[in-house]
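The structure appears below as structure tokens.
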Amino acid sequence: LAKTTQPISMDSYEGQEVNITCSHNNIATNDYITWYQQFPSQGPRFIIQGYKTKVTNEVASLFIPADRKSSTLSLPRVSLSDTAVYYCLVGPLEGGYQKVTFGTGTKLQVIP
Amino acid sequence: DSGVTQTPKHLITATGQRVTLRCSPRSGDLSVYWYQQSLDQGLQFLIQYYNGEERAKGNILERFSAQQFPDLHSELNLSSLELGDSALYFCASSAGQGREETQYFGPGTRLLVL
């Protein structure tokens with residue numbers, strides 16, 4: 001079961017690119033990496049998911065090095081509404097018994 | 001709107017009581033997950049059900065139990081409640097039990113134990 005480690009908090013000014021890194025040294029071969037965003041008193045919301053290399057969608061990019069022991073969520077040109085907690089999740093690809101573990105989460109504060 | 005519904009939204013009860021939280025997954029999703037989120041802790045995984053069967057257990061107390069019914073909705077039962085059980089309880093659902101496990105979260109049930 002891959003454990004994840006993230007910075008507890010980050011500050012950024014509006015308009016800047018923000019990179020949040022998650023360490024998952026024990027990631028298994030069939031694990032996917034998923035990032036979620038959570039606003040206060042709301043459930044987490046899916047942002048992006050990847051297995052290796054780079055994945056990009058309309059919200060963010062996810063960079064995964066070849067060894068997959070870490071991943072970086074990149075948020076381009078953040079705005080105040082991006083202030084939230086960002087969770088890195090590593091979970092298995094295939095079925096069978098599995099556990100889903102969230103990281104500690106990174107609290108991103110966007111400053112005007 | 002994630003498509004996952006949870007009831008009730010808020011629940012206030014007393015210590016020693018028992019409550020039941022309900023979750024309806026997205027249409028077609030077979031897996032349901034329960035999480036607890038306290039003020040001082042991140043998301044704590046409690047338990048997962050897939051198509052009516054328990055699939056994985058996390059940090060779930062013995063006072064807590066869950067089940068998933070044939071129509072795939074799930075209930076989380078919390079008994080002998082303590083002050084420390086006050087938290088947000090989230091339910092999430094996903095299509096399968098492992099493949100591309102994107103989880104869609106409900107709005108949560110806020111439980112306050114007095």
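Here, A, B, ... name the chains of the structure tokens in the order displayed, residue numbers run from 1 inside each chain, and ligands are numbered from 1 in the same displayed order.
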Can you build me a table of chain B residues sitting at most 12 Å from chain A, with the closest atom pair per residue and its distance in Å to one decimal, using only C-alpha atoms, sorted by chain and residue number, as JSON lines?
{"residue": "B:Asp1", "atom": "CA", "partner": "A:Arg45", "partner_atom": "CA", "distance": 9.8}
{"residue": "B:Ser2", "atom": "CA", "partner": "A:Arg45", "partner_atom": "CA", "distance": 8.2}
{"residue": "B:Gly3", "atom": "CA", "partner": "A:Arg45", "partner_atom": "CA", "distance": 11.8}
{"residue": "B:Val4", "atom": "CA", "partner": "A:Gly43", "partner_atom": "CA", "distance": 10.2}
{"residue": "B:Thr5", "atom": "CA", "partner": "A:Gly43", "partner_atom": "CA", "distance": 11.0}
{"residue": "B:Gln6", "atom": "CA", "partner": "A:Gly43", "partner_atom": "CA", "distance": 10.8}
{"residue": "B:Lys9", "atom": "CA", "partner": "A:Ser41", "partner_atom": "CA", "distance": 10.9}
{"residue": "B:His10", "atom": "CA", "partner": "A:Ser41", "partner_atom": "CA", "distance": 11.4}
{"residue": "B:Ser31", "atom": "CA", "partner": "A:Gly95", "partner_atom": "CA", "distance": 11.1}
{"residue": "B:Val32", "atom": "CA", "partner": "A:Val100", "partner_atom": "CA", "distance": 11.6}
{"residue": "B:Tyr33", "atom": "CA", "partner": "A:Val100", "partner_atom": "CA", "distance": 9.0}
{"residue": "B:Trp34", "atom": "CA", "partner": "A:Val100", "partner_atom": "CA", "distance": 10.5}
{"residue": "B:Tyr35", "atom": "CA", "partner": "A:Gly43", "partner_atom": "CA", "distance": 10.0}
{"residue": "B:Gln36", "atom": "CA", "partner": "A:Gly43", "partner_atom": "CA", "distance": 10.9}
{"residue": "B:Gln37", "atom": "CA", "partner": "A:Ser41", "partner_atom": "CA", "distance": 9.7}
{"residue": "B:Ser38", "atom": "CA", "partner": "A:Ser41", "partner_atom": "CA", "distance": 10.8}
{"residue": "B:Leu39", "atom": "CA", "partner": "A:Ser41", "partner_atom": "CA", "distance": 10.3}
{"residue": "B:Asp40", "atom": "CA", "partner": "A:Thr104", "partner_atom": "CA", "distance": 10.9}
{"residue": "B:Gln41", "atom": "CA", "partner": "A:Thr104", "partner_atom": "CA", "distance": 8.1}
{"residue": "B:Gly42", "atom": "CA", "partner": "A:Thr104", "partner_atom": "CA", "distance": 5.7}
{"residue": "B:Leu43", "atom": "CA", "partner": "A:Phe102", "partner_atom": "CA", "distance": 6.5}
{"residue": "B:Gln44", "atom": "CA", "partner": "A:Phe102", "partner_atom": "CA", "distance": 7.4}
{"residue": "B:Phe45", "atom": "CA", "partner": "A:Thr101", "partner_atom": "CA", "distance": 6.6}
{"residue": "B:Leu46", "atom": "CA", "partner": "A:Val100", "partner_atom": "CA", "distance": 9.4}
{"residue": "B:Ile47", "atom": "CA", "partner": "A:Lys99", "partner_atom": "CA", "distance": 8.4}
{"residue": "B:Gln48", "atom": "CA", "partner": "A:Lys99", "partner_atom": "CA", "distance": 8.0}
{"residue": "B:Tyr49", "atom": "CA", "partner": "A:Tyr97", "partner_atom": "CA", "distance": 10.1}
{"residue": "B:Tyr50", "atom": "CA", "partner": "A:Tyr97", "partner_atom": "CA", "distance": 9.8}
{"residue": "B:Glu53", "atom": "CA", "partner": "A:Tyr97", "partner_atom": "CA", "distance": 10.7}
{"residue": "B:Glu54", "atom": "CA", "partner": "A:Tyr97", "partner_atom": "CA", "distance": 8.8}
{"residue": "B:Arg55", "atom": "CA", "partner": "A:Tyr97", "partner_atom": "CA", "distance": 5.3}
{"residue": "B:Ala56", "atom": "CA", "partner": "A:Lys99", "partner_atom": "CA", "distance": 5.5}
{"residue": "B:Lys57", "atom": "CA", "partner": "A:Lys99", "partner_atom": "CA", "distance": 6.9}
{"residue": "B:Gly58", "atom": "CA", "partner": "A:Lys99", "partner_atom": "CA", "distance": 7.0}
{"residue": "B:Asn59", "atom": "CA", "partner": "A:Thr101", "partner_atom": "CA", "distance": 10.5}
{"residue": "B:Ala87", "atom": "CA", "partner": "A:Ser41", "partner_atom": "CA", "distance": 10.4}
{"residue": "B:Leu88", "atom": "CA", "partner": "A:Ser41", "partner_atom": "CA", "distance": 7.8}
{"residue": "B:Tyr89", "atom": "CA", "partner": "A:Gly43", "partner_atom": "CA", "distance": 9.2}
{"residue": "B:Phe90", "atom": "CA", "partner": "A:Gly43", "partner_atom": "CA", "distance": 6.6}
{"residue": "B:Cys91", "atom": "CA", "partner": "A:Gly43", "partner_atom": "CA", "distance": 8.5}
{"residue": "B:Ala92", "atom": "CA", "partner": "A:Gly43", "partner_atom": "CA", "distance": 8.6}
{"residue": "B:Ser93", "atom": "CA", "partner": "A:Gly43", "partner_atom": "CA", "distance": 11.8}
{"residue": "B:Ser94", "atom": "CA", "partner": "A:Phe46", "partner_atom": "CA", "distance": 11.5}
{"residue": "B:Ala95", "atom": "CA", "partner": "A:Gly95", "partner_atom": "CA", "distance": 11.4}
{"residue": "B:Gly96", "atom": "CA", "partner": "A:Gly95", "partner_atom": "CA", "distance": 7.7}
{"residue": "B:Gln97", "atom": "CA", "partner": "A:Gly95", "partner_atom": "CA", "distance": 5.2}
{"residue": "B:Gly98", "atom": "CA", "partner": "A:Gly95", "partner_atom": "CA", "distance": 4.4}
{"residue": "B:Arg99", "atom": "CA", "partner": "A:Leu93", "partner_atom": "CA", "distance": 4.4}
{"residue": "B:Glu100", "atom": "CA", "partner": "A:Leu93", "partner_atom": "CA", "distance": 5.8}
{"residue": "B:Glu101", "atom": "CA", "partner": "A:Leu93", "partner_atom": "CA", "distance": 7.1}
{"residue": "B:Thr102", "atom": "CA", "partner": "A:Phe46", "partner_atom": "CA", "distance": 7.0}
{"residue": "B:Gln103", "atom": "CA", "partner": "A:Phe46", "partner_atom": "CA", "distance": 7.2}
{"residue": "B:Tyr104", "atom": "CA", "partner": "A:Arg45", "partner_atom": "CA", "distance": 6.9}
{"residue": "B:Phe105", "atom": "CA", "partner": "A:Gly43", "partner_atom": "CA", "distance": 5.4}
{"residue": "B:Gly106", "atom": "CA", "partner": "A:Gly43", "partner_atom": "CA", "distance": 5.8}
{"residue": "B:Pro107", "atom": "CA", "partner": "A:Gly43", "partner_atom": "CA", "distance": 5.2}
{"residue": "B:Gly108", "atom": "CA", "partner": "A:Gly43", "partner_atom": "CA", "distance": 6.3}
{"residue": "B:Thr109", "atom": "CA", "partner": "A:Ser41", "partner_atom": "CA", "distance": 9.5}
{"residue": "B:Arg110", "atom": "CA", "partner": "A:Ser41", "partner_atom": "CA", "distance": 8.6}
{"residue": "B:Leu111", "atom": "CA", "partner": "A:Ser41", "partner_atom": "CA", "distance": 12.0}
Per-residue DSSP, chain B, filtered to strand (DSSP E), as a PyMOL selection string: chain B and resi 5-7+10-13+19-24+31-37+43-50+53-57+64-68+74-78+87-94+104-105+109-113
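The coordinates place CA of Ser65 (chain B) at 14.3 Å from CA of Gln17 (chain B).
Considering the residues A:Thr4, A:Thr72, A:Thr106, A:Asn57 and counting only C-alpha atoms, Asn19 (chain A) has its shortest atom-to-atom contact with A:Thr72.
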